[in-house]
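A.B. asks: Here you go, run-v6.txt (compact mmCIF, C-alpha atoms):
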```txt
# COMPACT_ATOMS: atom_id res chain seq x y z
CA MET A 1 18.05 -15.31 9.13
CA VAL A 2 15.72 -12.40 8.44
CA LEU A 3 16.56 -10.37 5.33
CA THR A 4 15.36 -6.77 5.27
CA HIS A 5 15.34 -3.95 2.76
CA ALA A 6 14.08 -0.36 2.83
CA SER A 7 14.42 2.30 0.15
CA TYR A 8 12.61 5.28 -1.31
CA TYR A 9 12.69 6.90 -4.74
CA ARG A 10 11.92 10.33 -6.12
CA GLY A 11 8.77 10.29 -8.21
CA ALA A 12 8.70 11.31 -11.86
CA SER A 13 6.51 14.35 -11.13
CA HIS A 14 8.92 15.57 -8.44
CA ILE A 15 11.84 15.14 -10.81
CA ASP A 16 9.98 17.30 -13.35
CA THR A 17 9.19 20.04 -10.81
CA GLY A 18 12.46 19.90 -8.88
CA LYS A 19 10.84 18.85 -5.60
CA PRO A 20 12.76 16.58 -3.22
CA VAL A 21 11.55 13.08 -2.46
CA GLN A 22 8.87 13.17 0.25
CA ASP A 23 8.88 9.46 1.22
CA ARG A 24 11.08 7.82 3.82
CA ALA A 25 11.58 4.15 4.73
CA ALA A 26 13.72 2.26 7.22
CA ALA A 27 14.42 -1.27 8.45
CA ILE A 28 15.82 -1.22 11.98
CA ASP A 29 16.67 -3.50 14.88
CA ILE A 30 14.94 -2.79 18.19
CA THR A 31 16.31 -3.84 21.59
CA TYR A 32 13.71 -4.09 24.33
CA GLY A 33 13.21 -5.63 27.76
CA GLU A 34 16.12 -7.74 28.99
CA GLY A 35 18.12 -7.81 25.78
CA HIS A 36 15.35 -9.03 23.47
CA GLN A 37 15.62 -8.18 19.78
CA ALA A 38 12.98 -7.33 17.20
CA THR A 39 13.01 -6.27 13.56
CA ALA A 40 10.95 -3.25 12.54
CA LEU A 41 9.94 -1.83 9.18
CA LEU A 42 8.84 1.80 9.09
CA LEU A 43 7.61 3.89 6.19
CA ALA A 44 6.26 7.44 5.97
CA ASP A 45 4.88 9.32 2.97
CA GLY A 46 5.03 13.12 3.11
CA HIS A 47 2.04 14.81 1.48
CA GLY A 48 4.20 17.13 -0.61
CA SER A 49 1.60 19.77 -1.52
CA GLU A 50 1.95 23.53 -1.00
CA ALA A 51 0.27 23.33 2.42
CA HIS A 52 2.68 20.55 3.49
CA TYR A 53 5.92 22.18 2.38
CA ARG A 54 8.05 20.39 5.00
CA SER A 55 6.47 16.97 4.67
CA ASP A 56 9.80 15.34 3.78
CA LEU A 57 11.02 16.39 7.22
CA GLY A 58 7.72 15.29 8.74
CA ALA A 59 8.22 11.83 7.25
CA GLU A 60 11.69 11.60 8.80
CA MET A 61 10.26 12.67 12.15
CA ALA A 62 7.44 10.11 11.95
CA ILE A 63 9.93 7.29 11.49
CA ALA A 64 12.08 8.62 14.32
CA ALA A 65 9.05 8.94 16.62
CA ALA A 66 7.88 5.40 15.89
CA SER A 67 11.40 4.06 16.47
CA GLU A 68 11.50 5.70 19.89
CA ALA A 69 8.04 4.42 20.84
CA LEU A 70 8.54 0.82 19.74
CA PRO A 71 10.40 -0.46 22.85
CA TYR A 72 7.37 0.60 24.93
CA ILE A 73 4.85 -1.53 23.05
CA LEU A 74 7.31 -4.43 22.67
CA GLU A 75 7.65 -4.64 26.43
CA ILE A 76 3.88 -4.63 26.97
CA LEU A 77 2.15 -6.39 24.06
CA PRO A 78 3.79 -9.86 24.26
CA GLY A 79 2.43 -10.32 27.78
CA ARG A 80 -1.10 -9.46 26.64
CA VAL A 81 -1.37 -11.62 23.51
CA GLU A 82 -2.42 -15.20 24.21
CA PRO A 83 -0.04 -17.87 22.83
CA GLY A 84 -1.35 -19.19 19.53
CA ALA A 85 -3.77 -16.29 19.18
CA SER A 86 -5.22 -15.76 15.72
CA VAL A 87 -4.74 -12.48 13.92
CA SER A 88 -6.59 -9.58 15.51
CA ARG A 89 -7.39 -6.43 13.57
CA GLY A 90 -8.11 -3.10 15.24
CA VAL A 91 -10.23 -0.70 13.19
CA ALA A 92 -10.49 3.06 13.39
CA ASP A 93 -13.26 3.52 10.84
CA SER A 94 -16.35 1.35 11.37
CA VAL A 95 -17.75 2.37 7.97
CA CYS A 96 -15.18 0.23 6.16
CA GLN A 97 -15.45 -2.87 8.31
CA SER A 98 -15.76 -6.14 6.46
CA ALA A 99 -16.24 -9.64 7.85
CA THR A 100 -12.49 -10.11 8.16
CA ASP A 101 -12.14 -6.84 10.07
CA ARG A 102 -14.56 -7.87 12.80
CA THR A 103 -12.23 -9.81 15.04
CA PRO A 104 -13.00 -10.38 18.72
CA ALA A 105 -11.98 -7.34 20.72
CA ASP A 106 -9.24 -7.72 23.33
CA PRO A 107 -9.52 -4.66 25.59
CA ARG A 108 -6.04 -5.11 27.10
CA CYS A 109 -4.31 -5.19 23.70
CA GLU A 110 -6.52 -2.42 22.34
CA ALA A 111 -5.59 -0.16 25.27
CA ALA A 112 -1.88 -0.90 24.84
CA MET A 113 -1.96 -0.19 21.10
CA ARG A 114 -3.81 3.09 21.51
CA MET A 115 -1.29 4.20 24.15
CA PHE A 116 1.48 3.28 21.72
CA PHE A 117 -0.09 5.45 19.03
CA THR A 118 -0.55 8.28 21.53
CA ARG A 119 3.15 8.09 22.26
CA ILE A 120 4.03 8.20 18.56
CA ASN A 121 1.81 11.24 18.04
CA ALA A 122 3.31 13.04 21.04
CA LEU A 123 6.89 12.34 20.00
CA TRP A 124 6.19 13.45 16.44
CA ALA A 125 4.50 16.66 17.60
CA LYS A 126 7.46 17.41 19.89
CA LYS A 127 9.92 17.00 17.02
CA VAL A 128 7.79 19.16 14.75
CA LEU A 129 7.53 21.92 17.36
CA GLU A 130 11.25 21.88 18.05
CA HIS A 131 12.05 22.17 14.36
CA TRP A 132 9.44 24.88 13.81
CA ASN A 133 10.71 26.96 16.73
CA THR A 134 14.28 26.87 15.40
CA ASN A 135 13.27 27.15 11.72
CA PRO A 136 10.11 29.27 11.59
CA ARG A 137 8.71 30.14 8.20
CA PRO A 138 9.08 33.90 7.53
CA ASP A 139 5.35 34.43 7.02
CA GLY A 140 4.61 32.44 10.19
CA ALA A 141 1.61 30.23 10.90
CA SER A 142 -1.69 31.08 12.53
CA SER A 143 -1.46 28.27 15.09
CA LEU A 144 0.50 25.20 16.17
CA ALA A 145 -1.89 23.13 14.08
CA GLY A 146 -1.04 25.30 11.10
CA ALA A 147 2.64 24.71 11.72
CA ALA A 148 2.12 20.95 12.08
CA ARG A 149 0.29 20.87 8.75
CA ALA A 150 3.54 21.86 7.03
CA TYR A 151 5.05 18.53 8.15
CA GLY A 152 2.05 16.35 7.25
CA CYS A 153 2.68 12.69 6.38
CA THR A 154 1.36 9.16 6.74
CA LEU A 155 2.97 6.35 8.73
CA ILE A 156 3.05 2.55 8.38
CA GLY A 157 5.03 0.09 10.50
CA ALA A 158 5.48 -3.63 11.04
CA VAL A 159 7.44 -5.50 13.71
CA ARG A 160 8.48 -9.13 14.18
CA ALA A 161 9.58 -10.26 17.62
CA ASP A 162 10.25 -13.61 19.30
CA THR A 163 6.66 -14.57 19.98
CA LEU A 164 4.51 -12.26 17.88
CA TRP A 165 4.28 -9.73 15.07
CA PHE A 166 2.20 -6.62 14.62
CA ALA A 167 1.59 -3.93 12.02
CA PHE A 168 0.04 -0.47 12.24
CA GLN A 169 -0.98 2.27 9.85
CA LEU A 170 -2.22 5.85 9.70
CA GLY A 171 -3.08 7.03 6.20
CA ASP A 172 -2.84 5.43 2.78
CA GLY A 173 -0.24 3.07 1.35
CA ALA A 174 -0.28 -0.67 1.93
CA CYS A 175 0.89 -3.49 4.18
CA VAL A 176 0.78 -6.92 2.52
CA ALA A 177 2.10 -10.23 3.76
CA ILE A 178 2.55 -13.92 3.02
CA ASN A 179 1.35 -16.14 5.85
CA PRO A 180 3.18 -19.32 6.95
CA ASP A 181 0.78 -21.39 4.82
CA GLY A 182 1.51 -19.30 1.73
CA ALA A 183 -1.76 -17.34 1.87
CA LEU A 184 -1.55 -13.76 0.63
CA CYS A 185 -3.14 -11.07 2.77
CA ASP A 186 -3.31 -7.38 3.63
CA PRO A 187 -3.50 -7.66 7.42
CA VAL A 188 -4.21 -4.04 8.40
CA PRO A 189 -7.87 -3.00 7.96
CA GLY A 190 -8.66 -0.30 5.44
CA ASP A 191 -10.00 3.18 6.07
CA SER A 192 -12.77 4.67 3.93
CA ARG A 193 -11.26 8.13 4.44
CA CYS A 194 -8.19 7.10 2.43
CA ARG A 195 -9.50 7.31 -1.12
CA LEU A 196 -8.15 8.95 -4.26
CA SER A 197 -6.12 11.99 -3.10
CA ARG A 198 -7.57 12.01 0.43
CA THR A 199 -5.86 10.42 3.43
CA THR A 200 -5.66 10.55 7.18
CA SER A 201 -2.47 12.21 8.38
CA MET A 202 -0.07 12.62 11.28
CA CYS A 203 -0.71 16.37 11.21
CA ILE A 204 -4.47 16.09 11.78
CA HIS A 205 -5.44 12.69 13.15
CA GLY A 206 -4.62 11.06 16.47
CA ALA A 207 -4.22 7.72 18.22
CA LYS A 208 -7.82 6.68 17.55
CA ASP A 209 -7.25 6.89 13.79
CA PHE A 210 -4.50 4.26 13.57
CA ARG A 211 -5.45 0.77 12.38
CA TYR A 212 -3.49 -2.30 13.38
CA ALA A 213 -3.12 -6.06 13.25
CA TYR A 214 -1.20 -8.53 15.42
CA GLY A 215 -0.77 -12.26 15.81
CA THR A 216 1.61 -15.02 16.88
CA ASP A 217 2.24 -16.69 13.48
CA VAL A 218 4.92 -14.40 12.08
CA PRO A 219 4.60 -13.94 8.30
CA PRO A 220 7.74 -15.19 6.52
CA ALA A 221 7.39 -12.26 4.11
CA LEU A 222 5.87 -8.84 4.71
CA MET A 223 6.05 -5.58 2.78
CA LEU A 224 5.10 -1.97 3.40
CA CYS A 225 4.81 0.53 0.56
CA SER A 226 3.54 4.02 -0.12
CA ASP A 227 0.62 4.71 -2.43
CA GLY A 228 3.11 5.51 -5.18
CA LEU A 229 3.63 1.75 -5.51
CA ALA A 230 0.28 0.46 -4.20
CA ASP A 231 -1.65 2.48 -6.80
CA CYS A 232 0.22 0.71 -9.61
CA PHE A 233 -1.99 -2.32 -8.84
CA ASP A 234 -5.75 -2.81 -8.95
CA ASN A 235 -5.94 -3.68 -5.25
CA HIS A 236 -3.84 -4.95 -2.35
CA LYS A 237 -4.49 -8.57 -3.29
CA SER A 238 -2.91 -7.93 -6.69
CA LEU A 239 -0.03 -6.08 -5.02
CA ALA A 240 0.65 -9.11 -2.82
CA SER A 241 0.24 -11.60 -5.66
CA GLU A 242 2.15 -9.79 -8.39
CA PHE A 243 4.82 -7.96 -6.39
CA LEU A 244 5.51 -9.37 -2.92
CA ALA A 245 5.03 -13.00 -4.00
CA GLN A 246 7.42 -12.43 -6.89
CA ILE A 247 9.99 -10.96 -4.51
CA ALA A 248 9.68 -14.07 -2.32
CA LEU A 249 10.07 -16.43 -5.28
CA ASP A 250 13.01 -14.46 -6.69
CA THR A 251 14.70 -14.54 -3.28
CA VAL A 252 14.52 -18.33 -3.29
CA HIS A 253 15.60 -18.77 -6.90
CA ASN A 254 18.00 -15.85 -7.50
CA GLY A 255 19.06 -14.57 -4.08
CA PHE A 256 18.17 -11.46 -2.13
CA ASP A 257 20.92 -9.28 -3.61
CA SER A 258 19.33 -9.78 -7.03
CA VAL A 259 15.94 -8.80 -5.59
CA VAL A 260 17.33 -5.57 -4.13
CA ALA A 261 18.94 -4.69 -7.47
CA ASP A 262 15.63 -5.32 -9.27
CA ILE A 263 13.79 -3.09 -6.80
CA ALA A 264 16.20 -0.22 -7.39
CA GLN A 265 15.70 -0.54 -11.14
CA SER A 266 11.97 -1.23 -11.32
CA LEU A 267 10.44 1.20 -8.81
CA PRO A 268 11.55 4.44 -10.51
CA GLU A 269 10.28 2.96 -13.79
CA LEU A 270 6.89 2.16 -12.22
CA SER A 271 6.67 5.77 -11.09
CA ARG A 272 7.39 7.00 -14.61
CA GLN A 273 4.88 4.66 -16.22
CA TYR A 274 2.01 4.81 -13.73
CA THR A 275 1.66 7.01 -10.66
CA ARG A 276 4.50 9.53 -11.20
CA ASP A 277 4.58 9.71 -7.40
CA ASP A 278 7.40 9.07 -4.96
CA ILE A 279 7.72 5.37 -4.15
CA SER A 280 8.94 3.81 -0.92
CA ILE A 281 9.20 0.21 0.19
CA ALA A 282 10.26 -1.75 3.27
CA LEU A 283 10.15 -5.52 3.56
CA TRP A 284 11.37 -8.58 5.39
CA ILE A 285 11.96 -12.12 4.12
CA ASP A 286 12.62 -14.98 6.53
CA ASN A 287 15.32 -16.75 4.57
CA ASP A 288 15.09 -19.85 6.78
CA THR A 289 11.42 -20.56 6.03
CA ILE A 290 10.50 -18.86 2.76
CA ALA A 291 11.50 -21.83 0.58
CA ASP A 292 9.02 -24.04 2.47
CA VAL A 293 6.24 -21.58 1.62
CA VAL A 294 6.86 -21.53 -2.15
CA PRO A 295 4.26 -24.23 -3.01
CA GLY A 296 1.63 -22.35 -1.02
CA ILE A 297 2.59 -19.06 -2.70
CA CYS A 298 2.22 -20.63 -6.13
CA ARG A 299 -1.21 -22.02 -5.24
CA GLN A 300 -2.35 -18.67 -3.90
CA ARG A 301 -1.07 -16.81 -6.94
CA ALA A 302 -2.95 -19.22 -9.19
CA ILE A 303 -6.15 -18.63 -7.21
CA VAL A 304 -5.74 -14.85 -7.54
CA ARG A 305 -5.01 -15.09 -11.27
CA GLU A 306 -8.02 -17.36 -11.82
CA GLY A 307 -10.18 -14.75 -10.14
CA GLU A 308 -8.68 -12.06 -12.36
CA LEU A 309 -9.34 -14.27 -15.41
CA ASP A 310 -13.00 -14.69 -14.45
CA GLN A 311 -13.32 -10.92 -14.00
CA ALA A 312 -11.63 -10.25 -17.35
CA TYR A 313 -14.00 -12.66 -19.14
CA SER A 314 -16.98 -10.97 -17.47
CA SER A 315 -15.74 -7.53 -18.51
CA LEU A 316 -15.10 -8.76 -22.06
CA GLU A 317 -18.62 -10.15 -22.32
CA SER A 318 -20.07 -6.82 -21.18
CA CYS A 319 -17.81 -4.87 -23.52
CA GLU A 320 -18.67 -6.99 -26.56
CA LYS A 321 -22.40 -6.70 -25.83
CA SER A 322 -22.03 -2.92 -25.73
CA ILE A 323 -20.17 -3.01 -29.05
CA VAL A 324 -22.92 -5.04 -30.73
CA ASP A 325 -25.66 -2.78 -29.34
CA LEU A 326 -23.85 0.37 -30.42
CA GLU A 327 -23.08 -0.96 -33.92
CA ASP A 328 -26.77 -1.83 -34.34
CA HIS A 329 -27.74 1.66 -33.23
CA ILE A 330 -25.25 3.30 -35.61
CA SER A 331 -26.46 1.18 -38.54
CA ASN A 332 -30.03 2.33 -37.87
CA LEU A 333 -29.16 6.03 -37.92
CA THR A 334 -30.63 7.83 -40.91
CA PRO A 335 -27.90 9.55 -42.95
CA SER A 336 -28.33 13.29 -42.66
CA SER A 337 -26.36 16.45 -43.27
CA ALA A 338 -27.90 18.17 -40.25
CA PRO A 339 -25.21 19.26 -37.73
CA ASP A 340 -26.93 17.59 -34.78
CA ASP A 341 -27.18 14.28 -36.61
CA ARG A 342 -23.55 14.44 -37.69
CA ASN A 343 -22.45 15.25 -34.13
CA GLU A 344 -24.43 12.34 -32.71
CA LEU A 345 -22.87 9.97 -35.23
CA GLU A 346 -19.38 11.23 -34.43
CA ARG A 347 -19.97 10.78 -30.69
CA LYS A 348 -21.19 7.23 -31.15
CA LEU A 349 -18.29 6.35 -33.44
CA SER A 350 -15.89 7.73 -30.84
CA VAL A 351 -17.51 5.61 -28.11
CA LEU A 352 -17.35 2.59 -30.41
CA SER A 353 -13.64 3.17 -31.00
CA THR A 354 -13.06 3.34 -27.21
CA LEU A 355 -15.02 0.12 -26.64
CA LYS A 356 -13.04 -1.72 -29.33
CA ARG A 357 -9.79 -0.52 -27.80
CA ARG A 358 -10.99 -1.81 -24.43
CA GLN A 359 -11.92 -5.11 -26.09
CA ARG A 360 -8.37 -5.51 -27.41
CA GLU A 361 -6.92 -4.68 -23.98
CA LEU A 362 -9.11 -7.31 -22.31
CA LEU A 363 -8.16 -9.93 -24.89
CA ASP A 364 -4.47 -9.17 -24.27
CA GLN A 365 -5.05 -9.36 -20.51
CA ILE A 366 -6.80 -12.73 -20.85
CA ASP A 367 -3.95 -14.10 -22.97
CA SER A 368 -1.40 -12.91 -20.41
CA ILE A 369 -3.27 -14.43 -17.45
CA ARG A 370 -3.78 -17.74 -19.24
CA LEU A 371 -0.06 -17.85 -20.10
CA ASP A 372 0.82 -17.20 -16.44
CA LEU A 373 -1.52 -19.99 -15.32
CA ASP A 374 -0.13 -22.41 -17.87
CA ASN A 375 3.44 -21.67 -16.74
CA SER A 376 2.49 -22.20 -13.09
CA LEU A 377 1.19 -25.74 -13.67
```
Could you render the structure as structure tokens?
C.D. replies:
Amino acid sequence: MVLTHASYYRGASHIDTGKPVQDRAAAIDITYGEGHQATALLLADGHGSEAHYRSDLGAEMAIAAASEALPYILEILPGRVEPGASVSRGVADSVCQSATDRTPADPRCEAAMRMFFTRINALWAKKVLEHWNTNPRPDGASSLAGAARAYGCTLIGAVRADTLWFAFQLGDGACVAINPDGALCDPVPGDSRCRLSRTTSMCIHGAKDFRYAYGTDVPPALMLCSDGLADCFDNHKSLASEFLAQIALDTVHNGFDSVVADIAQSLPELSRQYTRDDISIALWIDNDTIADVVPGICRQRAIVREGELDQAYSSLESCEKSIVDLEDHISNLTPSSAPDDRNELERKLSVLSTLKRRQRELLDQIDSIRLDLDNSL
């Protein structure tokens, strides 16, 4: 039995300004071919700025467009993926390729995926145009592209079918998964254009700008989320280790209803404490197999935490060296009443205070990681 959940939450900044939530998420069943069934997760994040004043509607349309296009790719892709094929990752931005991104190219699957993305783009543009023509903005727009910009959003999706799974993405946000052996991963390649407040978008970019991954070993747990959640973590590996893995473990130990209740309570709080952005999430858990994966999840989480511990110790060593060097420099300053000398001393004391605060934070982080590792043994 596959358990699914999708929800989206108004960000703290939008609550303050009175803006509606711009994110959308859905978990749907897809019928394709001769009565075959698949489960799909879809998530879209509207940009929400002044130039994208209808991006909440654009996000709804992106999910609707992907839903309509999915039967097409589900009828084609299974016949093109070799049984037992390893995960393949299609990249749109060669600048960000890493060793794990460079998978052997399969021209037949690549062509099918790009046609799928073309179909999504066309369906989305049609929906945008229909809405614009019946609800034009009073001051108009200089072009169709200008109108489409009003609906700008990102799109992420993931699908599990009988013999394969695949995921796809345009823009920021994250797709993370737990493999059948318990390994944690972010299967969809990154895009160097999606950094800080910049992202690729449905309103500007086309089929060639989607990234994707597919394989035949269906992950027993997979999650999509917008950047409002992803940016609460240092990287996607931490997101998978600290959030998705915990969801999987809580499902086994406490039940999925408890997990859903925790999500509804914790995500708005994460927005308030960290990103202040809208947050959306969509996930699946294979309830028949997830318990078998728990030992592997625990091993993988320990590996991730050990890496974080090594990094914290390295940062602490660097921080403490800077403190010693700065204290030596301050002690060698000649007392003076000259304004420039006083200002220099004040600046260095301020930097020293910041370094000591960072030292305390790192010590707390190290204690927390070591406690987690001790509890996992």
A.B. asks: Check which residues of region 101-220 of chain A sit at most 8 Å from region 41-47 of chain A using only C-alpha atoms, and return one row each with the closest pair of atoms and their distance in Å to one decimal, ordered by chain and rising number, as JSON lines.
C.D. replies:
```
{"residue": "A:Tyr151", "atom": "CA", "partner": "A:Gly46", "partner_atom": "CA", "distance": 7.4}
{"residue": "A:Gly152", "atom": "CA", "partner": "A:His47", "partner_atom": "CA", "distance": 6.0}
{"residue": "A:Cys153", "atom": "CA", "partner": "A:Gly46", "partner_atom": "CA", "distance": 4.0}
{"residue": "A:Thr154", "atom": "CA", "partner": "A:Asp45", "partner_atom": "CA", "distance": 5.2}
{"residue": "A:Leu155", "atom": "CA", "partner": "A:Ala44", "partner_atom": "CA", "distance": 4.4}
{"residue": "A:Ile156", "atom": "CA", "partner": "A:Leu43", "partner_atom": "CA", "distance": 5.2}
{"residue": "A:Gly157", "atom": "CA", "partner": "A:Leu42", "partner_atom": "CA", "distance": 4.4}
{"residue": "A:Ala158", "atom": "CA", "partner": "A:Leu41", "partner_atom": "CA", "distance": 5.2}
{"residue": "A:Val159", "atom": "CA", "partner": "A:Leu41", "partner_atom": "CA", "distance": 6.3}
```
A.B. asks: Write out as a list in words each polymer residue whose atoms come within 8 Å of Asp181 (chain A), counting only C-alpha atoms; drop sequence neighbours fewer than 3 positions from it.
C.D. replies: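 The filter keeps Ile178, Val293 and Gly296 of chain A.
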A.B. asks: Report the distance between CA of Asn332 (chain A) and CA of Arg358 (chain A) in Å, rounded to one decimal place.
C.D. replies: 23.7 Å
A.B. asks: Using CA of Gly48 (chain A) and CA of Leu123 (chain A) as the two end points, give the distance in Å to one decimal.
C.D. replies: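 We find that CA of Gly48 (chain A) and CA of Leu123 (chain A) lie 21.3 Å from each other.
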A.B. asks: Record the distance separating CA of Leu196 (chain A) and CA of Val260 (chain A), expressed in Å with one decimal.
C.D. replies: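 Computing the Euclidean distance for CA of Leu196 (chain A) and CA of Val260 (chain A) yields 29.3 Å.
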A.B. asks: With all atoms listed in the file as the counted atoms, please give the residues lying no more than 10 Å from Asp372 (chain A), apart from itself and same-chain residues fewer than 3 positions off, as a list in words.
C.D. replies: Arg301, Ala302, Arg305, Glu306, Ile366, Asp367, Ser368, Ile369, Asn375, Ser376 and Leu377 of chain A
A.B. asks: Tell me which of A:Val128, A:Cys298, A:Cys319, A:Ala92 sits closest to Ala213 (chain A), counting all atoms listed in the file.
C.D. replies: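 Looking at the shortest contact to Ala213 (chain A), the residue is A:Ala92.
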A.B. asks: Got a sec: who's within 10 Å of Glu317 (chain A), counting only C-alpha atoms, leaving out chain neighbours fewer than 5 positions off, as a VMD selection string?
C.D. replies: chain A and resid 311 to 312 322 to 323 359 362
A.B. asks: Under the rule that only C-alpha atoms are counted, which of A:Arg80, A:Arg272, A:Arg299, A:His14 is the nearest residue to Ala111 (chain A)?
C.D. replies: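 Looking only at the distances to Ala111 (chain A), the closest residue turns out to be A:Arg80.
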A.B. asks: So that I can see what lies close to Leu270 (chain A), please list as a list in words the residues with an atom at most 12 Å from it, counting only C-alpha atoms and leaving out residues fewer than 5 positions away in the same chain.
C.D. replies: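 Near neighbours after the sequence-gap exclusion: Tyr9, Arg10, Gly11, Ala12, Asp227, Gly228, Leu229, Ala230, Asp231, Cys232, Phe233, Phe243, Asp262, Ile263, Ala264, Gln265, Thr275, Arg276, Asp277, Asp278, Ile279 and Ser280 of chain A.
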A.B. asks: Can you write out the residues you just picked, keeping C-alpha atoms, as a short mmCIF file (atom, residue, chain, number, x, y, z; two decimals), in the frame of the given file?
C.D. replies:
```cif
data_model
loop_
_atom_site.label_atom_id
_atom_site.label_comp_id
_atom_site.auth_asym_id
_atom_site.auth_seq_id
_atom_site.Cartn_x
_atom_site.Cartn_y
_atom_site.Cartn_z
CA TYR A 9 12.69 6.90 -4.74
CA ARG A 10 11.92 10.33 -6.12
CA GLY A 11 8.77 10.29 -8.21
CA ALA A 12 8.70 11.31 -11.86
CA ASP A 227 0.62 4.71 -2.43
CA GLY A 228 3.11 5.51 -5.18
CA LEU A 229 3.63 1.75 -5.51
CA ALA A 230 0.28 0.46 -4.20
CA ASP A 231 -1.65 2.48 -6.80
CA CYS A 232 0.22 0.71 -9.61
CA PHE A 233 -1.99 -2.32 -8.84
CA PHE A 243 4.82 -7.96 -6.39
CA ASP A 262 15.63 -5.32 -9.27
CA ILE A 263 13.79 -3.09 -6.80
CA ALA A 264 16.20 -0.22 -7.39
CA GLN A 265 15.70 -0.54 -11.14
CA THR A 275 1.66 7.01 -10.66
CA ARG A 276 4.50 9.53 -11.20
CA ASP A 277 4.58 9.71 -7.40
CA ASP A 278 7.40 9.07 -4.96
CA ILE A 279 7.72 5.37 -4.15
CA SER A 280 8.94 3.81 -0.92
#
```
A.B. asks: Between A:Tyr313, A:Phe256, A:Tyr53, A:Trp165, which residue has the minimum interatomic distance to Ala148 (chain A), considering all atoms listed in the file?
C.D. replies: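 Residue with the minimum atom-to-atom distance to Ala148 (chain A): A:Tyr53.
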A.B. asks: So, counting all atoms listed in the file, which residue among A:Pro219, A:Gly146, A:Gly255, A:Gly79 is closest to Arg160 (chain A)?
C.D. replies: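 Smallest distance to Arg160 (chain A) is found for A:Pro219.
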A.B. asks: Neighbours of His205 (chain A) within 12 Å (all atoms listed in the file; same-chain residues fewer than 2 positions away dropped), as a list in words?
C.D. replies: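 Once the adjacent positions are removed, what remains is Ala92, Phe117, Thr118, Ile120, Asn121, Ala122, Ala125, Ala145, Ala148, Arg149, Gly152, Cys153, Thr154, Leu155, Gln169, Leu170, Gly171, Arg193, Thr199, Thr200, Ser201, Met202, Cys203, Ala207, Lys208, Asp209, Phe210 and Arg211 of chain A.
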A.B. asks: Write the residues of the preceding selection, restricted to C-alpha atoms, as a compact mmCIF listing (two decimals), in the frame of the given file.
C.D. replies:
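Everything below was put into part_39.txt:
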```txt
# COMPACT_ATOMS: atom_id res chain seq x y z
CA ALA A 92 -10.49 3.06 13.39
CA PHE A 117 -0.09 5.45 19.03
CA THR A 118 -0.55 8.28 21.53
CA ILE A 120 4.03 8.20 18.56
CA ASN A 121 1.81 11.24 18.04
CA ALA A 122 3.31 13.04 21.04
CA ALA A 125 4.50 16.66 17.60
CA ALA A 145 -1.89 23.13 14.08
CA ALA A 148 2.12 20.95 12.08
CA ARG A 149 0.29 20.87 8.75
CA GLY A 152 2.05 16.35 7.25
CA CYS A 153 2.68 12.69 6.38
CA THR A 154 1.36 9.16 6.74
CA LEU A 155 2.97 6.35 8.73
CA GLN A 169 -0.98 2.27 9.85
CA LEU A 170 -2.22 5.85 9.70
CA GLY A 171 -3.08 7.03 6.20
CA ARG A 193 -11.26 8.13 4.44
CA THR A 199 -5.86 10.42 3.43
CA THR A 200 -5.66 10.55 7.18
CA SER A 201 -2.47 12.21 8.38
CA MET A 202 -0.07 12.62 11.28
CA CYS A 203 -0.71 16.37 11.21
CA ALA A 207 -4.22 7.72 18.22
CA LYS A 208 -7.82 6.68 17.55
CA ASP A 209 -7.25 6.89 13.79
CA PHE A 210 -4.50 4.26 13.57
CA ARG A 211 -5.45 0.77 12.38
```
A.B. asks: Might I get the box with edges along x, y and z of the file that holds all atoms of region 51-68 of chain A listed there, padded by 3 Å on every side, given as centre and edge lengths in Å to one decimal, as AutoDock Vina command-line options?
C.D. replies:
```
--center_x 6.2 --center_y 13.7 --center_z 11.1 --size_x 17.8 --size_y 25.3 --size_z 23.5
```
A.B. asks: Nearest residue to Leu57 (chain A) out of A:Ala25, A:Leu3, A:Ala150, A:Leu352, using only C-alpha atoms?
C.D. replies: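 Selected residue with least distance to Leu57 (chain A): A:Ala150.
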A.B. asks: Taking (15.8, -19.8, 11.2) in the file's coordinates as the center, which residues reach within 9 Å of it, counting all atoms listed in the file, put as number ranges by chain?
C.D. replies: A: 1-2, 286-289
